[in-house]
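Dumped final14.txt below, it's compact mmCIF, C-alpha atoms and all ligand atoms:
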```txt
# COMPACT_ATOMS: atom_id res chain seq x y z
CA MET O 767 -19.62 104.28 152.84
CA THR O 768 -17.27 102.54 150.45
CA ILE O 769 -16.82 98.91 151.17
CA VAL O 770 -13.28 97.98 150.31
CA ALA O 771 -12.39 94.57 148.96
CA ALA O 772 -11.90 92.06 151.74
CA PRO O 773 -8.28 91.06 152.37
CA TRP O 774 -8.93 87.62 150.86
CA GLU O 775 -10.43 89.15 147.76
CA ARG O 776 -7.40 91.38 147.32
CA ALA O 777 -4.99 88.49 147.85
CA ALA O 778 -6.95 86.22 145.51
CA ARG O 779 -7.04 88.88 142.81
CA GLY O 780 -3.30 89.44 143.17
CA ALA O 781 -2.75 85.69 142.79
CA GLY O 782 -4.93 85.52 139.68
CA LEU O 783 -7.60 83.42 141.44
CA LEU O 784 -10.42 85.83 140.67
CA ARG O 785 -11.29 87.55 137.41
CA PRO O 786 -11.85 91.32 137.64
CA ASP O 787 -15.65 90.83 137.51
CA GLU O 788 -15.75 88.20 140.28
CA SER O 789 -15.86 88.52 144.05
CA LEU O 790 -16.45 84.84 144.66
CA ALA O 791 -15.51 82.03 142.32
CA PRO O 792 -16.50 78.48 143.30
CA THR O 793 -13.66 75.97 143.07
CA ILE O 794 -13.43 74.26 139.70
CA PHE O 795 -14.53 70.99 141.33
CA ALA O 796 -17.61 72.59 142.93
CA GLU O 797 -18.47 74.37 139.69
CA PHE O 798 -18.25 71.23 137.55
CA SER O 799 -20.15 69.08 140.06
CA ALA O 800 -22.95 71.66 140.04
CA LEU O 801 -22.93 71.75 136.24
CA ALA O 802 -22.98 67.93 136.09
CA THR O 803 -26.03 67.88 138.36
CA ALA O 804 -27.76 70.63 136.39
CA HIS O 805 -27.19 68.84 133.05
CA GLY O 806 -27.67 65.29 134.36
CA ALA O 807 -24.10 64.51 133.24
CA LEU O 808 -21.91 61.64 134.46
CA ASN O 809 -19.55 63.24 136.95
CA LEU O 810 -15.99 62.26 136.08
CA GLY O 811 -14.95 65.69 137.35
CA GLN O 812 -14.70 65.94 141.13
CA GLY O 813 -12.57 63.19 142.66
CA PHE O 814 -14.83 61.26 145.01
CA PRO O 815 -15.54 57.54 144.74
CA ASP O 816 -18.90 55.91 144.10
CA ASP O 817 -17.93 53.13 146.55
CA GLU O 818 -18.73 53.12 150.27
CA PRO O 819 -16.25 52.88 153.14
CA PRO O 820 -15.53 49.29 154.32
CA GLU O 821 -18.15 47.90 156.69
CA GLN O 822 -15.76 47.75 159.68
CA VAL O 823 -14.91 51.42 159.17
CA ARG O 824 -18.57 52.47 159.02
CA ASP O 825 -19.37 50.28 162.03
CA ALA O 826 -16.61 51.86 164.09
CA ALA O 827 -17.96 55.35 163.35
CA SER O 828 -21.55 54.27 164.11
CA ALA O 829 -20.45 52.59 167.34
CA ALA O 830 -18.73 55.80 168.42
CA ILE O 831 -21.93 57.78 167.79
CA ALA O 832 -23.94 55.21 169.76
CA SER O 833 -21.57 55.13 172.71
CA GLY O 834 -20.76 58.70 173.66
CA GLY O 835 -18.15 59.69 171.06
CA ASN O 836 -19.96 62.87 170.09
CA GLN O 837 -18.14 65.72 171.82
CA TYR O 838 -14.96 67.61 170.94
CA PRO O 839 -11.99 65.36 170.49
CA PRO O 840 -8.62 66.50 171.91
CA GLY O 841 -7.07 69.20 169.70
CA ARG O 842 -4.42 66.79 168.42
CA GLY O 843 -7.00 64.08 167.68
CA ILE O 844 -8.21 61.05 169.65
CA PRO O 845 -5.33 58.93 171.03
CA LEU O 846 -6.68 55.83 169.22
CA LEU O 847 -6.33 57.51 165.81
CA ARG O 848 -2.97 59.09 166.56
CA GLN O 849 -1.66 55.68 167.59
CA ALA O 850 -3.15 54.12 164.44
CA ILE O 851 -1.41 56.77 162.28
CA ALA O 852 1.93 56.15 164.00
CA ASP O 853 1.46 52.36 163.56
CA HIS O 854 0.58 52.92 159.90
CA GLN O 855 3.82 54.87 159.30
CA ARG O 856 5.80 51.97 160.83
CA ARG O 857 3.83 49.21 159.08
CA PHE O 858 4.02 50.64 155.57
CA TYR O 859 7.25 52.69 155.63
CA GLY O 860 9.28 51.56 158.66
CA LEU O 861 9.08 55.06 160.16
CA ASP O 862 9.19 55.75 163.88
CA VAL O 863 6.55 58.30 164.91
CA ASP O 864 5.59 59.45 168.41
CA PRO O 865 1.76 59.50 168.44
CA ASP O 866 1.62 62.07 171.23
CA ARG O 867 4.08 64.64 169.92
CA GLU O 868 4.41 64.05 166.19
CA VAL O 869 0.84 63.57 164.92
CA ILE O 870 -2.06 65.99 164.54
CA VAL O 871 -5.45 65.01 163.19
CA THR O 872 -7.04 67.65 160.95
CA ALA O 873 -10.27 68.35 159.07
CA GLY O 874 -9.03 66.57 155.97
CA ALA O 875 -5.72 67.14 154.22
CA THR O 876 -7.19 70.50 153.21
CA GLU O 877 -7.03 71.89 156.75
CA ALA O 878 -3.62 70.32 157.26
CA LEU O 879 -2.34 72.18 154.18
CA ALA O 880 -3.89 75.48 155.24
CA ALA O 881 -2.62 75.26 158.82
CA THR O 882 0.86 74.29 157.64
CA LEU O 883 1.17 77.10 155.12
CA LEU O 884 -0.21 79.66 157.54
CA ALA O 885 2.09 78.39 160.28
CA PHE O 886 5.33 78.71 158.34
CA CYS O 887 4.96 81.38 155.65
CA GLU O 888 5.64 85.06 156.17
CA PRO O 889 4.26 87.52 153.64
CA GLY O 890 6.52 87.44 150.58
CA ASP O 891 8.01 84.01 151.30
CA GLU O 892 8.17 81.71 148.29
CA VAL O 893 6.44 78.35 148.08
CA VAL O 894 7.65 76.05 145.29
CA VAL O 895 5.14 73.60 143.77
CA PHE O 896 5.00 71.41 140.71
CA GLU O 897 2.43 72.51 138.13
CA PRO O 898 -0.36 71.55 137.54
CA TYR O 899 -1.32 71.43 141.23
CA TYR O 900 -4.26 70.73 143.52
CA ASP O 901 -6.44 73.83 143.61
CA SER O 902 -6.15 74.68 147.30
CA TYR O 903 -2.39 75.22 147.06
CA ALA O 904 -2.60 78.52 145.23
CA ALA O 905 -5.45 79.66 147.47
CA VAL O 906 -3.72 79.00 150.79
CA VAL O 907 -0.46 80.43 149.52
CA ALA O 908 -2.44 83.59 148.74
CA LEU O 909 -4.11 83.49 152.17
CA ALA O 910 -0.66 83.35 153.75
CA ARG O 911 0.42 86.31 151.54
CA ALA O 912 3.22 84.12 150.23
CA ARG O 913 4.26 83.77 146.58
CA LEU O 914 3.61 80.66 144.52
CA VAL O 915 6.58 79.58 142.37
CA THR O 916 5.72 76.86 139.87
CA VAL O 917 7.84 74.18 138.22
CA PRO O 918 6.09 72.64 135.21
CA LEU O 919 5.65 68.89 134.83
CA GLN O 920 6.13 67.70 131.27
CA SER O 921 3.38 65.75 129.52
CA PRO O 922 2.90 62.80 128.95
CA HIS O 923 4.82 61.33 131.95
CA PHE O 924 4.71 64.50 134.01
CA GLU O 925 8.28 64.17 135.25
CA PRO O 926 9.76 67.35 136.68
CA ASP O 927 12.83 68.87 135.08
CA LEU O 928 15.34 68.82 137.94
CA ASP O 929 17.28 71.81 136.58
CA ALA O 930 14.06 73.84 136.52
CA LEU O 931 13.37 72.71 140.09
CA ALA O 932 16.85 73.75 141.22
CA ALA O 933 16.41 77.12 139.51
CA ALA O 934 13.09 77.68 141.31
CA VAL O 935 14.45 77.14 144.82
CA ASN O 936 16.48 79.92 146.44
CA ASP O 937 17.00 81.55 149.82
CA ARG O 938 13.55 83.14 149.69
CA THR O 939 11.97 79.67 149.45
CA ARG O 940 10.20 78.92 152.71
CA LEU O 941 8.84 75.58 151.66
CA ILE O 942 8.69 73.09 148.83
CA LEU O 943 5.26 71.50 148.56
CA VAL O 944 5.34 68.09 146.89
CA ASN O 945 2.23 66.10 146.05
CA THR O 946 3.08 62.46 145.42
CA PRO O 947 1.21 60.52 144.09
CA HIS O 948 0.17 63.55 142.13
CA ASN O 949 -3.22 65.13 141.43
CA PRO O 950 -4.18 65.72 138.62
CA THR O 951 -1.58 63.73 136.64
CA GLY O 952 -1.32 60.43 138.57
CA ALA O 953 2.48 60.73 138.49
CA VAL O 954 4.50 59.08 141.25
CA PHE O 955 7.74 60.90 141.98
CA GLY O 956 10.72 58.58 142.28
CA ARG O 957 13.48 58.59 144.82
CA GLY O 958 15.77 60.74 142.60
CA VAL O 959 13.27 63.59 142.35
CA LEU O 960 12.51 63.47 146.07
CA GLU O 961 16.19 63.34 147.02
CA THR O 962 16.74 66.46 144.93
CA VAL O 963 13.89 68.16 146.79
CA VAL O 964 15.44 67.27 150.15
CA ALA O 965 18.93 68.38 149.05
CA LEU O 966 17.56 71.73 147.83
CA ALA O 967 15.63 72.19 151.07
CA HIS O 968 18.85 71.65 153.02
CA ARG O 969 20.85 73.98 150.81
CA HIS O 970 18.34 76.82 151.15
CA ASP O 971 17.09 76.05 154.65
CA ALA O 972 13.55 75.39 153.48
CA LEU O 973 10.88 73.02 154.75
CA VAL O 974 9.38 70.20 152.71
CA VAL O 975 5.62 69.68 152.86
CA THR O 976 4.34 66.50 151.28
CA ASP O 977 0.75 65.80 150.31
CA GLU O 978 0.40 62.01 150.20
CA VAL O 979 -3.38 61.58 150.17
CA TYR O 980 -3.09 59.01 147.32
CA GLU O 981 -0.34 57.03 149.10
CA HIS O 982 -2.31 53.76 148.92
CA LEU O 983 -3.44 54.19 145.32
CA VAL O 984 -0.24 53.33 143.47
CA TYR O 985 -0.83 50.78 140.70
CA ASP O 986 2.55 50.74 138.96
CA GLY O 987 5.67 51.33 141.05
CA ALA O 988 5.80 52.23 144.74
CA HIS O 989 5.09 55.25 146.89
CA VAL O 990 8.18 56.77 148.50
CA PRO O 991 7.33 59.02 151.46
CA VAL O 992 9.73 61.95 151.52
CA SER O 993 10.29 61.64 155.27
CA ALA O 994 11.79 58.16 154.74
CA LEU O 995 14.74 59.67 152.82
CA PRO O 996 18.05 60.37 154.56
CA GLY O 997 18.13 63.80 156.18
CA ALA O 998 14.47 64.48 155.41
CA THR O 999 12.55 63.84 158.64
CA GLU O 1000 13.85 66.89 160.53
CA ARG O 1001 12.44 69.32 157.96
CA THR O 1002 9.48 67.42 156.46
CA ILE O 1003 5.80 67.84 157.25
CA THR O 1004 3.88 64.84 155.93
CA ILE O 1005 0.19 65.31 155.17
CA SER O 1006 -2.32 62.60 154.34
CA SER O 1007 -5.97 61.74 154.74
CA GLY O 1008 -8.37 58.83 155.11
CA GLY O 1009 -10.67 60.10 152.35
CA LYS O 1010 -9.28 58.12 149.41
CA THR O 1011 -7.93 55.10 151.28
CA PHE O 1012 -11.29 54.33 152.88
CA ASN O 1013 -13.77 55.81 150.37
CA ALA O 1014 -14.72 58.43 152.95
CA THR O 1015 -13.99 61.79 151.33
CA GLY O 1016 -16.96 63.39 153.12
CA TRP O 1017 -15.60 62.50 156.54
CA LYS O 1018 -12.70 64.95 156.21
CA ILE O 1019 -10.25 63.19 158.49
CA GLY O 1020 -6.68 64.07 157.61
CA TRP O 1021 -3.40 64.30 159.49
CA VAL O 1022 0.00 65.88 159.81
CA VAL O 1023 3.09 63.92 160.82
CA ALA O 1024 6.24 65.90 161.63
CA PRO O 1025 8.82 66.42 164.38
CA PRO O 1026 7.40 67.98 167.58
CA HIS O 1027 8.52 71.58 166.97
CA LEU O 1028 6.84 71.52 163.55
CA THR O 1029 3.59 69.86 164.67
CA ASP O 1030 3.38 72.38 167.53
CA ALA O 1031 3.55 75.24 165.03
CA VAL O 1032 0.84 73.65 162.85
CA LEU O 1033 -1.36 73.04 165.90
CA ALA O 1034 -1.02 76.68 166.91
CA ILE O 1035 -2.88 77.60 163.69
CA LYS O 1036 -5.12 74.56 163.37
CA GLN O 1037 -6.67 75.14 166.81
CA TYR O 1038 -8.06 78.44 165.56
CA LEU O 1039 -9.27 77.09 162.22
CA THR O 1040 -11.54 74.26 163.39
CA TYR O 1041 -10.10 73.68 166.88
CA ALA O 1042 -10.94 69.96 166.44
CA GLY O 1043 -13.68 67.86 164.93
CA GLY O 1044 -15.20 64.65 163.59
CA THR O 1045 -14.89 62.48 166.72
CA PRO O 1046 -16.90 59.50 165.39
CA PHE O 1047 -15.17 59.68 162.02
CA GLN O 1048 -11.81 59.65 163.78
CA HIS O 1049 -12.86 56.32 165.33
CA GLY O 1050 -13.84 55.04 161.88
CA ILE O 1051 -10.53 55.98 160.24
CA ALA O 1052 -8.58 54.55 163.21
CA ARG O 1053 -10.31 51.22 162.48
CA GLY O 1054 -9.54 51.56 158.78
CA LEU O 1055 -5.82 52.02 159.35
CA THR O 1056 -5.71 48.67 161.15
CA LEU O 1057 -7.40 46.74 158.30
CA PRO O 1058 -5.37 43.84 156.91
CA ASP O 1059 -3.26 44.21 153.76
CA GLU O 1060 -6.06 42.67 151.72
CA HIS O 1061 -8.10 45.90 152.00
CA PHE O 1062 -5.28 48.01 150.58
CA ASP O 1063 -4.43 45.45 147.88
CA ALA O 1064 -8.06 45.03 146.76
CA LEU O 1065 -8.59 48.80 146.57
CA ARG O 1066 -5.56 49.12 144.31
CA ARG O 1067 -6.47 46.18 142.08
CA ASP O 1068 -10.00 47.42 141.62
CA LEU O 1069 -9.02 51.01 140.83
CA ALA O 1070 -6.31 49.88 138.39
CA GLU O 1071 -8.95 47.95 136.44
CA ARG O 1072 -11.21 50.98 136.29
CA ARG O 1073 -8.32 53.15 135.18
CA ASP O 1074 -7.68 50.73 132.32
CA LEU O 1075 -11.34 50.69 131.35
CA LEU O 1076 -11.55 54.48 131.16
CA SER O 1077 -8.15 54.80 129.50
CA ALA O 1078 -9.23 52.45 126.69
CA ALA O 1079 -12.47 54.40 126.23
CA LEU O 1080 -10.67 57.75 126.03
CA THR O 1081 -8.09 56.36 123.61
CA ALA O 1082 -10.85 54.96 121.40
CA ALA O 1083 -12.51 58.39 121.45
CA GLY O 1084 -9.35 59.97 120.03
CA PHE O 1085 -7.67 61.38 123.15
CA ASP O 1086 -3.98 60.84 123.92
CA VAL O 1087 -4.08 59.46 127.44
CA SER O 1088 -1.23 59.79 129.95
CA PRO O 1089 -0.19 56.67 131.87
CA ALA O 1090 -1.44 57.51 135.43
CA PRO O 1091 0.49 55.00 137.54
CA ALA O 1092 -1.43 56.22 140.62
CA GLY O 1093 -4.35 58.19 142.01
CA TYR O 1094 -7.92 58.78 140.87
CA PHE O 1095 -7.40 60.53 137.52
CA LEU O 1096 -6.39 60.21 133.89
CA VAL O 1097 -5.10 63.22 132.00
CA ALA O 1098 -6.27 63.12 128.38
CA ASP O 1099 -4.94 65.38 125.66
CA ALA O 1100 -7.66 66.51 123.25
CA ALA O 1101 -5.26 68.25 120.85
CA ARG O 1102 -5.76 65.55 118.17
CA LEU O 1103 -9.50 66.25 118.37
CA GLY O 1104 -8.73 69.80 117.37
CA VAL O 1105 -9.12 71.23 120.89
CA GLN O 1106 -7.16 74.30 121.85
CA ASP O 1107 -9.21 75.59 124.76
CA GLY O 1108 -9.69 72.76 127.27
CA ASP O 1109 -11.98 74.83 129.49
CA ALA O 1110 -14.42 75.50 126.67
CA TYR O 1111 -14.16 71.88 125.47
CA ALA O 1112 -14.88 70.50 128.98
CA ARG O 1113 -18.07 72.60 129.04
CA GLN O 1114 -19.01 71.42 125.56
CA LEU O 1115 -18.43 67.76 126.48
CA LEU O 1116 -20.56 68.19 129.58
CA ARG O 1117 -23.46 69.81 127.72
CA GLU O 1118 -23.39 67.75 124.53
CA GLN O 1119 -22.08 64.35 125.65
CA GLY O 1120 -23.18 64.41 129.29
CA VAL O 1121 -19.68 63.68 130.64
CA ALA O 1122 -18.04 66.03 133.15
CA ALA O 1123 -14.23 66.34 133.25
CA ILE O 1124 -11.97 69.01 134.72
CA PRO O 1125 -9.90 71.28 132.44
CA VAL O 1126 -6.30 70.98 133.62
CA ASN O 1127 -5.96 74.65 132.81
CA ALA O 1128 -7.87 75.40 136.00
CA LEU O 1129 -5.08 73.79 138.04
CA VAL O 1130 -2.19 75.92 136.81
CA SER O 1131 -0.76 79.39 137.27
CA GLU O 1132 -1.40 82.18 134.80
CA ALA O 1133 2.01 81.46 133.27
CA GLY O 1134 1.24 77.76 132.81
CA ARG O 1135 -2.08 78.18 130.96
CA ALA O 1136 -0.76 77.75 127.44
CA ARG O 1137 1.26 74.63 128.22
CA TYR O 1138 -1.72 72.60 129.45
CA SER O 1139 -4.53 74.11 127.41
CA SER O 1140 -5.73 70.97 125.58
CA LEU O 1141 -5.68 68.66 128.62
CA LEU O 1142 -8.71 67.34 130.53
CA ARG O 1143 -8.73 65.37 133.79
CA PHE O 1144 -11.15 62.40 134.00
CA ALA O 1145 -11.82 60.63 137.33
CA PHE O 1146 -11.91 56.82 137.17
CA CYS O 1147 -12.87 56.32 140.85
CA LYS O 1148 -16.51 55.93 139.75
CA SER O 1149 -18.66 52.80 139.47
CA ARG O 1150 -18.09 50.47 136.53
CA THR O 1151 -21.60 51.25 135.31
CA VAL O 1152 -20.84 54.97 135.25
CA LEU O 1153 -17.52 54.36 133.48
CA GLU O 1154 -19.17 52.12 130.88
CA GLN O 1155 -21.87 54.72 130.25
CA ALA O 1156 -19.18 57.38 129.94
CA ALA O 1157 -17.31 55.18 127.43
CA GLU O 1158 -20.47 54.90 125.36
CA ARG O 1159 -21.09 58.66 125.44
CA LEU O 1160 -17.47 59.51 124.66
CA SER O 1161 -17.49 57.20 121.64
CA SER O 1162 -19.93 59.56 119.95
CA ALA O 1163 -18.09 62.74 120.99
CA ARG O 1164 -17.55 64.91 118.01
CA PRO O 1165 -14.27 66.71 117.58
CA GLY O 1166 -14.01 69.83 119.66
CA ASN O 1167 -14.82 73.10 118.10
CA ALA O 1168 -13.56 74.85 121.21
N1 LIG O 1201 -4.61 67.01 148.33
C1 LIG O 1201 -4.88 66.44 147.16
C2 LIG O 1201 -3.80 66.22 146.17
C3 LIG O 1201 -6.19 66.07 146.86
O1 LIG O 1201 -6.48 65.50 145.69
C4 LIG O 1201 -7.20 66.33 147.80
C5 LIG O 1201 -8.63 66.06 147.46
N2 LIG O 1201 -9.02 64.89 147.74
C6 LIG O 1201 -6.85 66.90 149.03
C7 LIG O 1201 -5.54 67.25 149.25
C8 LIG O 1201 -7.85 67.18 150.07
O2 LIG O 1201 -8.04 66.09 150.90
P1 LIG O 1201 -9.18 66.07 152.00
O3 LIG O 1201 -10.45 65.73 151.33
O4 LIG O 1201 -8.72 65.03 152.98
O5 LIG O 1201 -9.22 67.43 152.61
N1 LIG O 1202 -9.65 66.20 145.58
C1 LIG O 1202 -10.80 66.28 144.75
C2 LIG O 1202 -10.37 66.47 143.32
O1 LIG O 1202 -9.22 66.71 143.06
C3 LIG O 1202 -11.74 67.41 145.04
C4 LIG O 1202 -11.93 67.86 146.42
C5 LIG O 1202 -12.63 69.20 146.39
O2 LIG O 1202 -13.63 69.36 145.72
N2 LIG O 1202 -12.10 70.14 147.09
O3 LIG O 1202 -11.18 66.40 142.45
```
Just give me the structure of the file as structure tokens.
Ligand code: PMP
Ligand code: GLN
Amino acid sequence: MTIVAAPWERAARGAGLLRPDESLAPTIFAEFSALATAHGALNLGQGFPDDEPPEQVRDAASAAIASGGNQYPPGRGIPLLRQAIADHQRRFYGLDVDPDREVIVTAGATEALAATLLAFCEPGDEVVVFEPYYDSYAAVVALARARLVTVPLQSPHFEPDLDALAAAVNDRTRLILVNTPHNPTGAVFGRGVLETVVALAHRHDALVVTDEVYEHLVYDGAHVPVSALPGATERTITISSGGKTFNATGWKIGWVVAPPHLTDAVLAIKQYLTYAGGTPFQHGIARGLTLPDEHFDALRRDLAERRDLLSAALTAAGFDVSPAPAGYFLVADAARLGVQDGDAYARQLLREQGVAAIPVNALVSEAGRARYSSLLRFAFCKSRTVLEQAAERLSSARPGNA
């Protein structure tokens, strides 16, 4: 019997996600975390914090475990969390959200993205994203048999070219997927960019999906949620997550906020992905969303300091570092160190200097490889001790021979 390639394998190959000799490739984050462990390297690769969730958030999850919150939650999420999400949208952005009809709790933003893309894309539909992009985008677009259309962000500020964006959107565009604040670059898209996205979506009858998981990690400037813009709400699906805001990436509690007909479509898929999950963690994140402003302010202040610490270390080591007004990451250009192949250099840095970073090349389409080839992404959401050790190790990094 000949075993034919599984449908996913075929789709992934077609989308350039697998090399001809591979049938399973771990994500770049999983691969570099495993390499960091194997080599005893400092892990500035995968974006998870060294800090713990706030005590009240942990206590709320523990209390739920101790008091019967251990069975399936409702498919849309526990009412307490849905109400907390609706209250959060009003408190921070002045948005009116119906917790019963316009919110769905998901297994992290990752499931929200997958369910949304699978809910709305027909095979052959086009999905427009800025490049570089979070790794799951290309994978779920492939799962949905849709086509990824990329619009490059220009280093060092990673602003999109609005003419290139307009050229990428057409009547085949099913949705425009916007990640702001942006991973990996830390860019925050301003009102002008987002208004252009909404106008293009109207013109071509497309949906807008926003990934706002770093919404509370903006250090310079302000986060603008797309759905707060005129004419946006009716066609925008907002995705976020408690992972970054509450140092709880392993809890995988995310959410979708959108008008009822759109959340219903997402739920139709989501209920067959995980059905529902994480009841005690839903209680924890619900508590987190009601924390006073001081929690959100302190998180931002603290991360901004760590960003500055790592940025200074990378600059001293000879990298050209992009500004990163938001998020968990700094993008550092190693071209002046003689680096042409960021993937090979990231592996060299990990082995020889004991510092793991992600090659930005892994977060782009085939067509974008050359443009970003000397860039590495370093996570600054790690402890000060780890960042100081990394600074020390980077100071002795020898120029890349990769
Ligand atoms: N989107 C972006 C831009 C991310 O960086 C991440 C990873 N944290 C996710 C989505 C996934 O979020 P979650 O862990 O809540 O699934
Ligand atoms: N969001 C994290 C990052 O960008 C990784 C999450 C994951 O490993 N899927 O590094």
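Of the listed residues O:Asp901, O:Asp816, O:Asp866, O:Asp1107, the one whose atoms come nearest to ligand LIG 1202 (chain O) is O:Asp901, with distances taken using all atoms listed in the file.
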List every residue of chain O that has an atom at most 7 Å from any atom of ligand LIG 1201 (chain O), and for each one report the closest atom pair and its distance in Å to one decimal, counting only C-alpha atoms and all ligand atoms, with rows sorted by chain and then by increasing residue number, as JSON lines.
```
{"residue": "O:Gly813", "atom": "CA", "partner": "O:LIG1201", "partner_atom": "N2", "distance": 6.4}
{"residue": "O:Ala873", "atom": "CA", "partner": "O:LIG1201", "partner_atom": "O5", "distance": 6.6}
{"residue": "O:Gly874", "atom": "CA", "partner": "O:LIG1201", "partner_atom": "O4", "distance": 3.4}
{"residue": "O:Ala875", "atom": "CA", "partner": "O:LIG1201", "partner_atom": "O5", "distance": 3.9}
{"residue": "O:Thr876", "atom": "CA", "partner": "O:LIG1201", "partner_atom": "O5", "distance": 3.7}
{"residue": "O:Glu877", "atom": "CA", "partner": "O:LIG1201", "partner_atom": "O5", "distance": 6.5}
{"residue": "O:Tyr900", "atom": "CA", "partner": "O:LIG1201", "partner_atom": "C2", "distance": 5.3}
{"residue": "O:Asn945", "atom": "CA", "partner": "O:LIG1201", "partner_atom": "C2", "distance": 6.0}
{"residue": "O:His948", "atom": "CA", "partner": "O:LIG1201", "partner_atom": "C2", "distance": 6.3}
{"residue": "O:Asn949", "atom": "CA", "partner": "O:LIG1201", "partner_atom": "C2", "distance": 4.9}
{"residue": "O:Asp977", "atom": "CA", "partner": "O:LIG1201", "partner_atom": "N1", "distance": 5.8}
{"residue": "O:Val979", "atom": "CA", "partner": "O:LIG1201", "partner_atom": "N1", "distance": 5.9}
{"residue": "O:Ser1006", "atom": "CA", "partner": "O:LIG1201", "partner_atom": "O4", "distance": 7.0}
{"residue": "O:Ser1007", "atom": "CA", "partner": "O:LIG1201", "partner_atom": "O4", "distance": 4.6}
{"residue": "O:Gly1008", "atom": "CA", "partner": "O:LIG1201", "partner_atom": "O4", "distance": 6.6}
{"residue": "O:Gly1009", "atom": "CA", "partner": "O:LIG1201", "partner_atom": "O4", "distance": 5.3}
{"residue": "O:Lys1010", "atom": "CA", "partner": "O:LIG1201", "partner_atom": "N2", "distance": 7.0}
{"residue": "O:Thr1015", "atom": "CA", "partner": "O:LIG1201", "partner_atom": "O3", "distance": 5.3}
{"residue": "O:Lys1018", "atom": "CA", "partner": "O:LIG1201", "partner_atom": "O4", "distance": 5.1}
{"residue": "O:Ile1019", "atom": "CA", "partner": "O:LIG1201", "partner_atom": "O4", "distance": 6.0}
{"residue": "O:Gly1020", "atom": "CA", "partner": "O:LIG1201", "partner_atom": "O4", "distance": 5.1}
```
Which polymer residues have any atom within 7 Å of an atom of region 920-934 of chain O, counting all atoms listed in the file, with same-chain residues fewer than 3 positions away left out, as a PDB file with C-alpha atoms, keeping the file's coordinate frame?
```
ATOM      1  CA  VAL O 894       7.650  76.050 145.290  1.00  0.00           C
ATOM      2  CA  VAL O 915       6.580  79.580 142.370  1.00  0.00           C
ATOM      3  CA  VAL O 917       7.840  74.180 138.220  1.00  0.00           C
ATOM      4  CA  THR O 951      -1.580  63.730 136.640  1.00  0.00           C
ATOM      5  CA  ALA O 953       2.480  60.730 138.490  1.00  0.00           C
ATOM      6  CA  LEU O 966      17.560  71.730 147.830  1.00  0.00           C
ATOM      7  CA  SER O1088      -1.230  59.790 129.950  1.00  0.00           C
ATOM      8  CA  PRO O1089      -0.190  56.670 131.870  1.00  0.00           C
TER       9      PRO O1089
END
```
Contacts to ligand LIG 1202 (chain O) at 6 Å cut-off (all atoms listed in the file) as a PDB file with C-alpha atoms, in the coordinates of the input:
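Written out: result-v5.pdb:
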```
ATOM      1  CA  PHE O 795     -14.530  70.990 141.330  1.00  0.00           C
ATOM      2  CA  ALA O 796     -17.610  72.590 142.930  1.00  0.00           C
ATOM      3  CA  GLN O 812     -14.700  65.940 141.130  1.00  0.00           C
ATOM      4  CA  GLY O 813     -12.570  63.190 142.660  1.00  0.00           C
TER       5      GLY O 813
END
```
Query raised in the report: How far is it from CA of Glu818 (chain O) to CA of Val984 (chain O), in Å with one decimal?
Result: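 CA of Val984 (chain O) lies at a distance of 19.7 Å from CA of Glu818 (chain O).
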**Report entry** Close residues, Gly780 (chain O) itself excluded, 12 Å, all atoms listed in the file, min 5 positions apart in chain, as a list in words
**Finding:**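 Final neighbour list, sorted by chain and number: Ala771, Pro773, Trp774, Glu775, Arg785, Pro786, Ala904, Ala905, Val907, Ala908, Leu909, Arg911, Ala912, Arg913, Leu914, Ser1131 and Glu1132 of chain O.
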Requested in this report: For CA of Pro820 (chain O) and CA of Ser833 (chain O), quote the distance in Å rounded to one decimal.
Outcome: 20.2 Å
Close residues, His1049 (chain O) itself excluded, 8 Å, only C-alpha atoms, min 3 positions apart in chain, as an mmCIF file with C-alpha atoms, in the coordinates of the input:
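Output contents, as saved in around_16.cif:
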```cif
data_model
loop_
_atom_site.group_PDB
_atom_site.id
_atom_site.type_symbol
_atom_site.label_atom_id
_atom_site.label_comp_id
_atom_site.auth_asym_id
_atom_site.auth_seq_id
_atom_site.Cartn_x
_atom_site.Cartn_y
_atom_site.Cartn_z
ATOM 1 C CA ALA O 826 -16.610 51.860 164.090
ATOM 2 C CA ALA O 827 -17.960 55.350 163.350
ATOM 3 C CA ALA O 830 -18.730 55.800 168.420
ATOM 4 C CA ILE O 844 -8.210 61.050 169.650
ATOM 5 C CA LEU O 846 -6.680 55.830 169.220
ATOM 6 C CA LEU O 847 -6.330 57.510 165.810
ATOM 7 C CA THR O 1045 -14.890 62.480 166.720
ATOM 8 C CA PRO O 1046 -16.900 59.500 165.390
ATOM 9 C CA ALA O 1052 -8.580 54.550 163.210
ATOM 10 C CA ARG O 1053 -10.310 51.220 162.480
#
```
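Distance check against Ala852 (chain O) using all atoms listed in the file: of O:Gly1120, O:Pro865, O:Gly834, O:Pro840, the minimum falls on O:Pro865.
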**Report entry** Residues within 9 Å of region 1030-1042 of chain O, only C-alpha atoms, excluding chain neighbours under 4 positions, as a PyMOL selection string
**Finding:** chain O and resi 838-843+867-868+870-873+877-878+880-886+1022+1025-1026
Query raised in the report: In Å, how far is it from CA of Asn1013 (chain O) to CA of Gln822 (chain O)?
Result: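 So the two atoms, CA of Asn1013 (chain O) and CA of Gln822 (chain O), lie 12.5 Å apart.
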Query raised in the report: Looking at only C-alpha atoms, which of O:Arg1067, O:Arg1073, O:Lys1148, O:His970 is the one that sits closest to Asn809 (chain O)?
Result: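 Among the listed residues, the smallest separation from Asn809 (chain O) belongs to O:Lys1148.
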Query raised in the report: In terms of the shortest atom-to-atom distance over all atoms listed in the file, which of O:Leu1153, O:Ala1133, O:Ile942, O:Leu1057 is closest to Thr1004 (chain O)?
Result: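 Of all the options, O:Ile942 lies closest to Thr1004 (chain O).
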